[in-house]
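The block underneath contains the structure these notes are about, expressed in structure tokens.
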Amino acid sequence: MFTFSSEQDLISRRCVWVNGPVIVGAGPSGLAVGACLREQGVPFVVIERSDCIASLWQKRTYDRLKLHLPKKFCQLPKFPFPNHYPEYPTKRKFIEYLALYAKTFDINPQFNECVQSAKYDETCRVWRVKTGSPNGSEVEYICQWLVVATGENAERVVPDIEGLKDFGGEVIHACDYKSGGKYQGKKVVVVGCGNSGMEVSLDLSNHGAQPSMVCRSSVHVLPREIFGKSTFELAMFMMKWLPIWLVDKILLILTWFILGNIENYGLKKPSIGPLTLKNTQGKTPVLDIGALENIRSGKVKVVPGIKKFSCGTVELVNGEKLEIDSVVLATGYCSNVPYWLQESEFFSKNGFPKAQFPNNWKGKSGLYAIGFTRRGLAGASADAIKIAQDIGKVYKEDLKQKKQNVSTHRRCISTF
């Protein structure tokens, strides 16, 4: 017995041919590629699973967040920050900048479309990108190029800690933390001592909470500025003339003069220099904006690793037990590429390109990656320019060839 699909079923499943690339992700990386492609005259489609651009910034960041680097290192291609913006723009200002960026380059993502799968069709030599929407509709995009712009921080990482489910109090990831206002007077364990862990602990202590920051592994803490200059800018300047190991040594000496020995406060320093560690393992040094002062004064307590949780308490690896009210997991993020991209030659199982920087932006068969260099917005901007130029070159050659074929066909017709 045959059954026929209803009109609604047919509408809910669409197939769309895209003349240019499909860009997965409408964060800063996806917007940057879109803007550069627009400059090249290449059409494109941006797919975004959320209902807005830069959803990580808009929905999964705390209120006090500011850019940790000067604005000139965070601006996207073809569009500098307005002059009246502060040197370190706030979260709100950065979101305003991104919205203006999207408007300026006429980037209109397909919102609420989550990529279910993306696979290269060897027979037809095209990418097939299947998406699903909350309303149940499905779309298959067919394109010559696929740009993966979902980035390093697509999904939260929640560690499996013994007893955490039995804790009984509030447990949230840092992406759901907004402000320390509601934690006044409460004892909070912050799991993680990276930039997010440090800043959440600082915010909690400034709101009258009693945070204990878990520092299980080693971490580099650098001042955000040295002698009135951005530490990052100073490092980039020295890297032009000096080897990375020497720049690391200079940074650590200057940091010791400014911040003192952080090991006196329970923080462990890595044996590898901060820039070398960033380049080899992707671990970003903490740029201190006040947390260290609160650690010195005792407003933020640094504690070692966690052994287990139980009802209302946490036991540390040194045997100490703390009575606590809440837990904030500042345990980072990971790539979600392995969940939807059916490809194993360019991307590894951890969701990052296998090739090392600066060769990790381009794969085979029209596959590209942006935002995976562990070099922040500056790295994404550089990738966007290269990707757009690479696609633009092929697109224009194809367009020229088609015009020549049409012209030849017309000449043949006119001879009859």
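Order determines the names: the first chain of the structure tokens is A, the second B, and so forth; residues in each chain are numbered 1 upward, and ligands are numbered 1 upward as they are shown.
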
Open item on the list: If we count only C-alpha atoms and set the cut-off at 9 Å, which residues sit around Pro353 (chain A), ignoring sequence neighbours fewer than 5 positions away in its own chain? Please answer as a list in words.
Closed with: Glu345, Phe346, Phe347, Ser348, Asn360, Trp361, Lys362, Gly363, Ala369, Phe372 and Thr373 of chain A

Quick one: DSSP alpha helix (DSSP H) residues in region 157-202 of chain A, as a PDB file with N, CA and C atoms, in the first residue's frame?
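As a result, out-v9.pdb now contains:
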ATOM      1  N   ASN A 195      41.187  31.973  32.716  1.00  0.00           N
ATOM      2  CA  ASN A 195      40.652  33.340  32.685  1.00  0.00           C
ATOM      3  C   ASN A 195      39.220  33.403  33.210  1.00  0.00           C
ATOM      4  N   SER A 196      38.375  32.436  32.831  1.00  0.00           N
ATOM      5  CA  SER A 196      36.988  32.430  33.312  1.00  0.00           C
ATOM      6  C   SER A 196      36.927  32.186  34.813  1.00  0.00           C
ATOM      7  N   GLY A 197      37.688  31.195  35.306  1.00  0.00           N
ATOM      8  CA  GLY A 197      37.687  30.890  36.730  1.00  0.00           C
ATOM      9  C   GLY A 197      38.164  32.067  37.562  1.00  0.00           C
ATOM     10  N   MET A 198      39.220  32.715  37.108  1.00  0.00           N
ATOM     11  CA  MET A 198      39.749  33.885  37.812  1.00  0.00           C
ATOM     12  C   MET A 198      38.731  35.022  37.839  1.00  0.00           C
ATOM     13  N   GLU A 199      38.098  35.265  36.688  1.00  0.00           N
ATOM     14  CA  GLU A 199      37.186  36.411  36.611  1.00  0.00           C
ATOM     15  C   GLU A 199      35.889  36.144  37.366  1.00  0.00           C
ATOM     16  N   VAL A 200      35.391  34.918  37.321  1.00  0.00           N
ATOM     17  CA  VAL A 200      34.205  34.578  38.105  1.00  0.00           C
ATOM     18  C   VAL A 200      34.501  34.702  39.596  1.00  0.00           C
ATOM     19  N   SER A 201      35.670  34.235  40.019  1.00  0.00           N
ATOM     20  CA  SER A 201      36.062  34.344  41.429  1.00  0.00           C
ATOM     21  C   SER A 201      36.175  35.803  41.850  1.00  0.00           C
ATOM     22  N   LEU A 202      36.747  36.630  40.983  1.00  0.00           N
ATOM     23  CA  LEU A 202      36.850  38.066  41.261  1.00  0.00           C
ATOM     24  C   LEU A 202      35.471  38.688  41.394  1.00  0.00           C
TER      25      LEU A 202
END

Long-range neighbours of Ala388 (chain A) as a tab-separated table (two decimals) with C-alpha atoms, in the first residue's frame, 10 Å cut-off, only C-alpha atoms, 4 positions minimum in chain:
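Below you can see selection.tsv, which holds the result:
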chain	number	residue	atom	x	y	z
A	21	PRO	CA	30.03	28.38	0.25
A	32	ALA	CA	34.42	37.62	9.26
A	33	VAL	CA	34.38	35.06	6.43
A	34	GLY	CA	31.05	36.42	5.22
A	35	ALA	CA	32.36	39.98	5.10
A	36	CYS	CA	35.48	38.97	3.19
A	37	LEU	CA	33.44	36.91	0.72
A	38	ARG	CA	31.13	39.87	0.20
A	39	GLU	CA	34.17	41.96	-0.74
A	40	GLN	CA	35.13	39.24	-3.25
A	41	GLY	CA	31.64	39.23	-4.77
A	42	VAL	CA	31.04	35.61	-3.76
A	383	ASP	CA	41.99	32.96	8.36
A	384	ALA	CA	38.89	34.77	7.01
A	392	GLY	CA	37.06	33.95	-4.59
A	393	LYS	CA	39.82	32.95	-6.99

- [ ] Find the residues near Lys349 (chain A): any atom within 12 Å, counting only C-alpha atoms, skip ones fewer than 4 places away on the same chain, and give them as a list in words.
- [x]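 Those residues are Cys334, Ser335, Asn336, Val337, Pro338, Tyr339, Trp340, Leu341, Gln342, Glu343, Ser344, Glu345, Pro353 and Lys354 of chain A.
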
TODO: May I have the residues within 10 Å of region 293-297 of chain A as a PyMOL selection string, using only C-alpha atoms and disregarding those fewer than 6 positions away in the same chain?
DONE: chain A and resi 198+201-202+205-206+211-213+259+262+264-267

Write the selection just made, keeping N, CA, C and O atoms, as a PDB file, in the first residue's frame?
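In the end it all went to part-v4.pdb:
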ATOM      1  N   MET A 198      39.220  32.715  37.108  1.00  0.00           N
ATOM      2  CA  MET A 198      39.749  33.885  37.812  1.00  0.00           C
ATOM      3  C   MET A 198      38.731  35.022  37.839  1.00  0.00           C
ATOM      4  O   MET A 198      38.509  35.661  38.875  1.00  0.00           O
ATOM      5  N   SER A 201      35.670  34.235  40.019  1.00  0.00           N
ATOM      6  CA  SER A 201      36.062  34.344  41.429  1.00  0.00           C
ATOM      7  C   SER A 201      36.175  35.803  41.850  1.00  0.00           C
ATOM      8  O   SER A 201      35.751  36.182  42.953  1.00  0.00           O
ATOM      9  N   LEU A 202      36.747  36.630  40.983  1.00  0.00           N
ATOM     10  CA  LEU A 202      36.850  38.066  41.261  1.00  0.00           C
ATOM     11  C   LEU A 202      35.471  38.688  41.394  1.00  0.00           C
ATOM     12  O   LEU A 202      35.203  39.454  42.340  1.00  0.00           O
ATOM     13  N   SER A 205      33.756  37.582  44.691  1.00  0.00           N
ATOM     14  CA  SER A 205      34.321  38.244  45.874  1.00  0.00           C
ATOM     15  C   SER A 205      33.921  39.714  45.932  1.00  0.00           C
ATOM     16  O   SER A 205      33.679  40.265  47.010  1.00  0.00           O
ATOM     17  N   ASN A 206      33.822  40.367  44.788  1.00  0.00           N
ATOM     18  CA  ASN A 206      33.410  41.774  44.755  1.00  0.00           C
ATOM     19  C   ASN A 206      31.950  41.957  45.137  1.00  0.00           C
ATOM     20  O   ASN A 206      31.542  43.060  45.524  1.00  0.00           O
ATOM     21  N   PRO A 211      34.300  32.929  47.611  1.00  0.00           N
ATOM     22  CA  PRO A 211      34.692  31.917  46.624  1.00  0.00           C
ATOM     23  C   PRO A 211      35.964  31.164  46.998  1.00  0.00           C
ATOM     24  O   PRO A 211      36.906  31.742  47.560  1.00  0.00           O
ATOM     25  N   SER A 212      35.966  29.874  46.692  1.00  0.00           N
ATOM     26  CA  SER A 212      37.170  29.044  46.767  1.00  0.00           C
ATOM     27  C   SER A 212      37.448  28.555  45.350  1.00  0.00           C
ATOM     28  O   SER A 212      36.616  27.866  44.758  1.00  0.00           O
ATOM     29  N   MET A 213      38.600  28.928  44.819  1.00  0.00           N
ATOM     30  CA  MET A 213      38.936  28.592  43.436  1.00  0.00           C
ATOM     31  C   MET A 213      39.831  27.361  43.394  1.00  0.00           C
ATOM     32  O   MET A 213      40.901  27.352  44.003  1.00  0.00           O
ATOM     33  N   LEU A 259      53.881  41.288  39.758  1.00  0.00           N
ATOM     34  CA  LEU A 259      52.905  40.500  40.521  1.00  0.00           C
ATOM     35  C   LEU A 259      53.515  39.719  41.676  1.00  0.00           C
ATOM     36  O   LEU A 259      52.795  39.250  42.553  1.00  0.00           O
ATOM     37  N   ILE A 262      53.603  34.061  42.323  1.00  0.00           N
ATOM     38  CA  ILE A 262      52.220  33.618  42.501  1.00  0.00           C
ATOM     39  C   ILE A 262      52.140  32.296  43.247  1.00  0.00           C
ATOM     40  O   ILE A 262      51.075  31.953  43.801  1.00  0.00           O
ATOM     41  N   ASN A 264      53.305  31.683  46.005  1.00  0.00           N
ATOM     42  CA  ASN A 264      53.075  31.991  47.422  1.00  0.00           C
ATOM     43  C   ASN A 264      51.594  31.960  47.783  1.00  0.00           C
ATOM     44  O   ASN A 264      51.245  31.916  48.963  1.00  0.00           O
ATOM     45  N   TYR A 265      50.733  31.999  46.772  1.00  0.00           N
ATOM     46  CA  TYR A 265      49.283  32.055  47.022  1.00  0.00           C
ATOM     47  C   TYR A 265      48.579  30.769  46.606  1.00  0.00           C
ATOM     48  O   TYR A 265      47.357  30.742  46.474  1.00  0.00           O
ATOM     49  N   GLY A 266      49.357  29.706  46.385  1.00  0.00           N
ATOM     50  CA  GLY A 266      48.758  28.417  46.066  1.00  0.00           C
ATOM     51  C   GLY A 266      48.603  28.143  44.589  1.00  0.00           C
ATOM     52  O   GLY A 266      48.039  27.109  44.195  1.00  0.00           O
ATOM     53  N   LEU A 267      49.076  29.069  43.748  1.00  0.00           N
ATOM     54  CA  LEU A 267      49.002  28.873  42.297  1.00  0.00           C
ATOM     55  C   LEU A 267      50.303  28.249  41.802  1.00  0.00           C
ATOM     56  O   LEU A 267      51.387  28.717  42.147  1.00  0.00           O
TER      57      LEU A 267
END

Please report, as JSON lines, each residue of region 118-187 of chain A lying at most 12 Å from region 324-329 of chain A, together with the nearest pair of atoms and the separation in Å rounded to one decimal; use only C-alpha atoms, and order rows by chain and ascending residue number.
{"residue": "A:Arg156", "atom": "CA", "partner": "A:Leu329", "partner_atom": "CA", "distance": 9.6}
{"residue": "A:Val157", "atom": "CA", "partner": "A:Leu329", "partner_atom": "CA", "distance": 8.7}
{"residue": "A:Val158", "atom": "CA", "partner": "A:Leu329", "partner_atom": "CA", "distance": 7.2}
{"residue": "A:Pro159", "atom": "CA", "partner": "A:Leu329", "partner_atom": "CA", "distance": 8.5}
{"residue": "A:Asp160", "atom": "CA", "partner": "A:Leu329", "partner_atom": "CA", "distance": 11.2}
{"residue": "A:Ile161", "atom": "CA", "partner": "A:Leu329", "partner_atom": "CA", "distance": 10.8}
{"residue": "A:Leu164", "atom": "CA", "partner": "A:Val327", "partner_atom": "CA", "distance": 9.3}
{"residue": "A:Lys165", "atom": "CA", "partner": "A:Val327", "partner_atom": "CA", "distance": 11.5}
{"residue": "A:Phe167", "atom": "CA", "partner": "A:Ser326", "partner_atom": "CA", "distance": 9.0}
{"residue": "A:Gly168", "atom": "CA", "partner": "A:Asp325", "partner_atom": "CA", "distance": 8.8}
{"residue": "A:Gly169", "atom": "CA", "partner": "A:Ser326", "partner_atom": "CA", "distance": 5.5}
{"residue": "A:Glu170", "atom": "CA", "partner": "A:Ser326", "partner_atom": "CA", "distance": 4.8}
{"residue": "A:Val171", "atom": "CA", "partner": "A:Val327", "partner_atom": "CA", "distance": 4.7}
{"residue": "A:Ile172", "atom": "CA", "partner": "A:Val328", "partner_atom": "CA", "distance": 5.1}
{"residue": "A:His173", "atom": "CA", "partner": "A:Leu329", "partner_atom": "CA", "distance": 4.5}
{"residue": "A:Ala174", "atom": "CA", "partner": "A:Leu329", "partner_atom": "CA", "distance": 5.6}
{"residue": "A:Cys175", "atom": "CA", "partner": "A:Leu329", "partner_atom": "CA", "distance": 8.8}
{"residue": "A:Asp176", "atom": "CA", "partner": "A:Val328", "partner_atom": "CA", "distance": 8.9}
{"residue": "A:Tyr177", "atom": "CA", "partner": "A:Val328", "partner_atom": "CA", "distance": 7.6}
{"residue": "A:Lys178", "atom": "CA", "partner": "A:Val328", "partner_atom": "CA", "distance": 11.1}
{"residue": "A:Ser179", "atom": "CA", "partner": "A:Val328", "partner_atom": "CA", "distance": 11.6}
{"residue": "A:Gly180", "atom": "CA", "partner": "A:Val328", "partner_atom": "CA", "distance": 11.0}
{"residue": "A:Lys182", "atom": "CA", "partner": "A:Ser326", "partner_atom": "CA", "distance": 11.0}
{"residue": "A:Tyr183", "atom": "CA", "partner": "A:Ser326", "partner_atom": "CA", "distance": 8.5}
{"residue": "A:Gln184", "atom": "CA", "partner": "A:Asp325", "partner_atom": "CA", "distance": 11.1}
{"residue": "A:Gly185", "atom": "CA", "partner": "A:Asp325", "partner_atom": "CA", "distance": 9.8}
{"residue": "A:Lys186", "atom": "CA", "partner": "A:Asp325", "partner_atom": "CA", "distance": 6.1}
{"residue": "A:Lys187", "atom": "CA", "partner": "A:Ile324", "partner_atom": "CA", "distance": 4.9}

For the residues in that selection, give me N, CA and C atoms as a PDB file, in the first residue's frame.
ATOM      1  N   ARG A 156      30.058  23.294  26.082  1.00  0.00           N
ATOM      2  CA  ARG A 156      30.646  23.334  27.427  1.00  0.00           C
ATOM      3  C   ARG A 156      31.250  21.983  27.791  1.00  0.00           C
ATOM      4  N   VAL A 157      32.293  22.027  28.586  1.00  0.00           N
ATOM      5  CA  VAL A 157      32.906  20.803  29.115  1.00  0.00           C
ATOM      6  C   VAL A 157      32.498  20.663  30.578  1.00  0.00           C
ATOM      7  N   VAL A 158      31.833  19.566  30.897  1.00  0.00           N
ATOM      8  CA  VAL A 158      31.412  19.286  32.275  1.00  0.00           C
ATOM      9  C   VAL A 158      32.136  18.038  32.754  1.00  0.00           C
ATOM     10  N   PRO A 159      33.087  18.174  33.662  1.00  0.00           N
ATOM     11  CA  PRO A 159      33.861  17.013  34.112  1.00  0.00           C
ATOM     12  C   PRO A 159      33.026  16.067  34.965  1.00  0.00           C
ATOM     13  N   ASP A 160      33.420  14.825  34.962  1.00  0.00           N
ATOM     14  CA  ASP A 160      32.749  13.806  35.772  1.00  0.00           C
ATOM     15  C   ASP A 160      33.458  13.738  37.119  1.00  0.00           C
ATOM     16  N   ILE A 161      32.915  14.448  38.108  1.00  0.00           N
ATOM     17  CA  ILE A 161      33.515  14.497  39.444  1.00  0.00           C
ATOM     18  C   ILE A 161      32.675  13.664  40.399  1.00  0.00           C
ATOM     19  N   LEU A 164      29.223  14.660  42.497  1.00  0.00           N
ATOM     20  CA  LEU A 164      28.671  15.965  42.115  1.00  0.00           C
ATOM     21  C   LEU A 164      27.144  15.928  42.023  1.00  0.00           C
ATOM     22  N   LYS A 165      26.598  14.804  41.553  1.00  0.00           N
ATOM     23  CA  LYS A 165      25.146  14.692  41.438  1.00  0.00           C
ATOM     24  C   LYS A 165      24.464  14.624  42.801  1.00  0.00           C
ATOM     25  N   PHE A 167      25.478  16.439  45.405  1.00  0.00           N
ATOM     26  CA  PHE A 167      25.815  17.655  46.148  1.00  0.00           C
ATOM     27  C   PHE A 167      24.585  18.339  46.726  1.00  0.00           C
ATOM     28  N   GLY A 168      23.548  18.458  45.928  1.00  0.00           N
ATOM     29  CA  GLY A 168      22.289  19.007  46.443  1.00  0.00           C
ATOM     30  C   GLY A 168      22.122  20.501  46.225  1.00  0.00           C
ATOM     31  N   GLY A 169      23.213  21.250  46.147  1.00  0.00           N
ATOM     32  CA  GLY A 169      23.125  22.691  45.914  1.00  0.00           C
ATOM     33  C   GLY A 169      23.154  23.024  44.440  1.00  0.00           C
ATOM     34  N   GLU A 170      23.229  24.319  44.150  1.00  0.00           N
ATOM     35  CA  GLU A 170      23.255  24.757  42.758  1.00  0.00           C
ATOM     36  C   GLU A 170      24.594  24.409  42.108  1.00  0.00           C
ATOM     37  N   VAL A 171      24.535  23.844  40.911  1.00  0.00           N
ATOM     38  CA  VAL A 171      25.729  23.554  40.113  1.00  0.00           C
ATOM     39  C   VAL A 171      25.492  24.118  38.719  1.00  0.00           C
ATOM     40  N   ILE A 172      26.325  25.072  38.301  1.00  0.00           N
ATOM     41  CA  ILE A 172      26.173  25.653  36.971  1.00  0.00           C
ATOM     42  C   ILE A 172      27.535  25.699  36.272  1.00  0.00           C
ATOM     43  N   HIS A 173      27.496  25.738  34.961  1.00  0.00           N
ATOM     44  CA  HIS A 173      28.716  25.967  34.181  1.00  0.00           C
ATOM     45  C   HIS A 173      28.927  27.475  34.082  1.00  0.00           C
ATOM     46  N   ALA A 174      30.161  27.887  33.872  1.00  0.00           N
ATOM     47  CA  ALA A 174      30.473  29.316  33.778  1.00  0.00           C
ATOM     48  C   ALA A 174      29.685  30.002  32.669  1.00  0.00           C
ATOM     49  N   CYS A 175      29.285  29.249  31.633  1.00  0.00           N
ATOM     50  CA  CYS A 175      28.521  29.856  30.547  1.00  0.00           C
ATOM     51  C   CYS A 175      27.137  30.300  31.005  1.00  0.00           C
ATOM     52  N   ASP A 176      26.646  29.778  32.135  1.00  0.00           N
ATOM     53  CA  ASP A 176      25.345  30.171  32.672  1.00  0.00           C
ATOM     54  C   ASP A 176      25.472  31.181  33.807  1.00  0.00           C
ATOM     55  N   TYR A 177      26.701  31.522  34.177  1.00  0.00           N
ATOM     56  CA  TYR A 177      26.940  32.499  35.247  1.00  0.00           C
ATOM     57  C   TYR A 177      26.812  33.910  34.676  1.00  0.00           C
ATOM     58  N   LYS A 178      26.052  34.761  35.355  1.00  0.00           N
ATOM     59  CA  LYS A 178      25.870  36.131  34.885  1.00  0.00           C
ATOM     60  C   LYS A 178      26.495  37.155  35.829  1.00  0.00           C
ATOM     61  N   SER A 179      26.188  37.039  37.126  1.00  0.00           N
ATOM     62  CA  SER A 179      26.685  38.026  38.086  1.00  0.00           C
ATOM     63  C   SER A 179      26.743  37.407  39.471  1.00  0.00           C
ATOM     64  N   GLY A 180      27.630  37.964  40.315  1.00  0.00           N
ATOM     65  CA  GLY A 180      27.753  37.469  41.682  1.00  0.00           C
ATOM     66  C   GLY A 180      26.742  38.054  42.634  1.00  0.00           C
ATOM     67  N   LYS A 182      23.590  37.496  43.270  1.00  0.00           N
ATOM     68  CA  LYS A 182      22.714  36.581  44.013  1.00  0.00           C
ATOM     69  C   LYS A 182      23.486  35.654  44.955  1.00  0.00           C
ATOM     70  N   TYR A 183      24.821  35.752  44.930  1.00  0.00           N
ATOM     71  CA  TYR A 183      25.636  34.866  45.771  1.00  0.00           C
ATOM     72  C   TYR A 183      26.186  35.568  47.015  1.00  0.00           C
ATOM     73  N   GLN A 184      25.731  36.756  47.295  1.00  0.00           N
ATOM     74  CA  GLN A 184      26.251  37.503  48.437  1.00  0.00           C
ATOM     75  C   GLN A 184      26.122  36.692  49.729  1.00  0.00           C
ATOM     76  N   GLY A 185      27.248  36.554  50.424  1.00  0.00           N
ATOM     77  CA  GLY A 185      27.270  35.812  51.685  1.00  0.00           C
ATOM     78  C   GLY A 185      27.350  34.307  51.531  1.00  0.00           C
ATOM     79  N   LYS A 186      27.338  33.813  50.309  1.00  0.00           N
ATOM     80  CA  LYS A 186      27.354  32.365  50.083  1.00  0.00           C
ATOM     81  C   LYS A 186      28.766  31.856  49.825  1.00  0.00           C
ATOM     82  N   LYS A 187      28.970  30.595  50.136  1.00  0.00           N
ATOM     83  CA  LYS A 187      30.258  29.935  49.896  1.00  0.00           C
ATOM     84  C   LYS A 187      30.171  29.194  48.572  1.00  0.00           C
TER      85      LYS A 187
END

- [ ] Find the residue from A:Leu246, A:Leu100, A:Leu65, A:Val286 that sits nearest to His220 (chain A); use only C-alpha atoms when measuring.
- [x]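 So, comparing all the options, the nearest one is A:Val286.
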
Open item on the list: Set the distance at 9 Å and use only C-alpha atoms: which residues neighbour Arg125 (chain A) once local chain neighbours fewer than 5 positions away are removed? I'd like the list as a list in words.
Closed with: Tyr120, Gln144 and Ser365 of chain A

Task: Distance query Phe94 (chain A) at most 10 Å, only C-alpha atoms, self and fewer than 3 positions along chain excluded, as a list in words - done: Ala54, Trp57, Gln58, Lys66, Leu67, Lys71, Cys74, Gln75, Phe81, Tyr85, Tyr88, Pro89, Thr90, Lys91, Tyr97, Leu98, Ala99 and Leu100 of chain A

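Distance check against Ala382 (chain A) using only C-alpha atoms: of A:Arg14, A:Asp121, A:Pro77, A:Ile23, the minimum falls on A:Pro77.
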
TODO: Write down as a ChimeraX atom specification the residues of region 158-302 of chain A whose backbone DSSP state falls under strand (DSSP E or B).
DONE: /A:170-173,187-191,210-214,221-223,225-226,229-230,286-288,301-302

Could you write out that same residue set with C-alpha atoms as a PDB file, in the first residue's frame?
ATOM      1  CA  GLU A 170      23.255  24.757  42.758  1.00  0.00           C
ATOM      2  CA  VAL A 171      25.729  23.554  40.113  1.00  0.00           C
ATOM      3  CA  ILE A 172      26.173  25.653  36.971  1.00  0.00           C
ATOM      4  CA  HIS A 173      28.716  25.967  34.181  1.00  0.00           C
ATOM      5  CA  LYS A 187      30.258  29.935  49.896  1.00  0.00           C
ATOM      6  CA  VAL A 188      30.976  29.069  46.290  1.00  0.00           C
ATOM      7  CA  VAL A 189      33.489  26.644  44.799  1.00  0.00           C
ATOM      8  CA  VAL A 190      34.790  27.725  41.388  1.00  0.00           C
ATOM      9  CA  VAL A 191      36.270  24.740  39.569  1.00  0.00           C
ATOM     10  CA  GLN A 210      33.168  33.658  49.656  1.00  0.00           C
ATOM     11  CA  PRO A 211      34.692  31.917  46.624  1.00  0.00           C
ATOM     12  CA  SER A 212      37.170  29.044  46.767  1.00  0.00           C
ATOM     13  CA  MET A 213      38.936  28.592  43.436  1.00  0.00           C
ATOM     14  CA  VAL A 214      40.123  25.097  42.580  1.00  0.00           C
ATOM     15  CA  VAL A 221      49.252  34.553  35.428  1.00  0.00           C
ATOM     16  CA  LEU A 222      50.480  37.664  33.610  1.00  0.00           C
ATOM     17  CA  PRO A 223      49.558  41.326  34.186  1.00  0.00           C
ATOM     18  CA  GLU A 225      49.552  45.588  31.040  1.00  0.00           C
ATOM     19  CA  ILE A 226      53.292  46.121  31.556  1.00  0.00           C
ATOM     20  CA  LYS A 229      51.396  48.754  27.434  1.00  0.00           C
ATOM     21  CA  SER A 230      49.329  45.668  26.699  1.00  0.00           C
ATOM     22  CA  VAL A 286      45.577  34.333  32.539  1.00  0.00           C
ATOM     23  CA  LEU A 287      45.702  38.104  32.101  1.00  0.00           C
ATOM     24  CA  ASP A 288      45.121  39.431  35.604  1.00  0.00           C
ATOM     25  CA  LYS A 301      40.749  31.258  48.547  1.00  0.00           C
ATOM     26  CA  VAL A 302      42.894  29.035  46.323  1.00  0.00           C
TER      27      VAL A 302
END
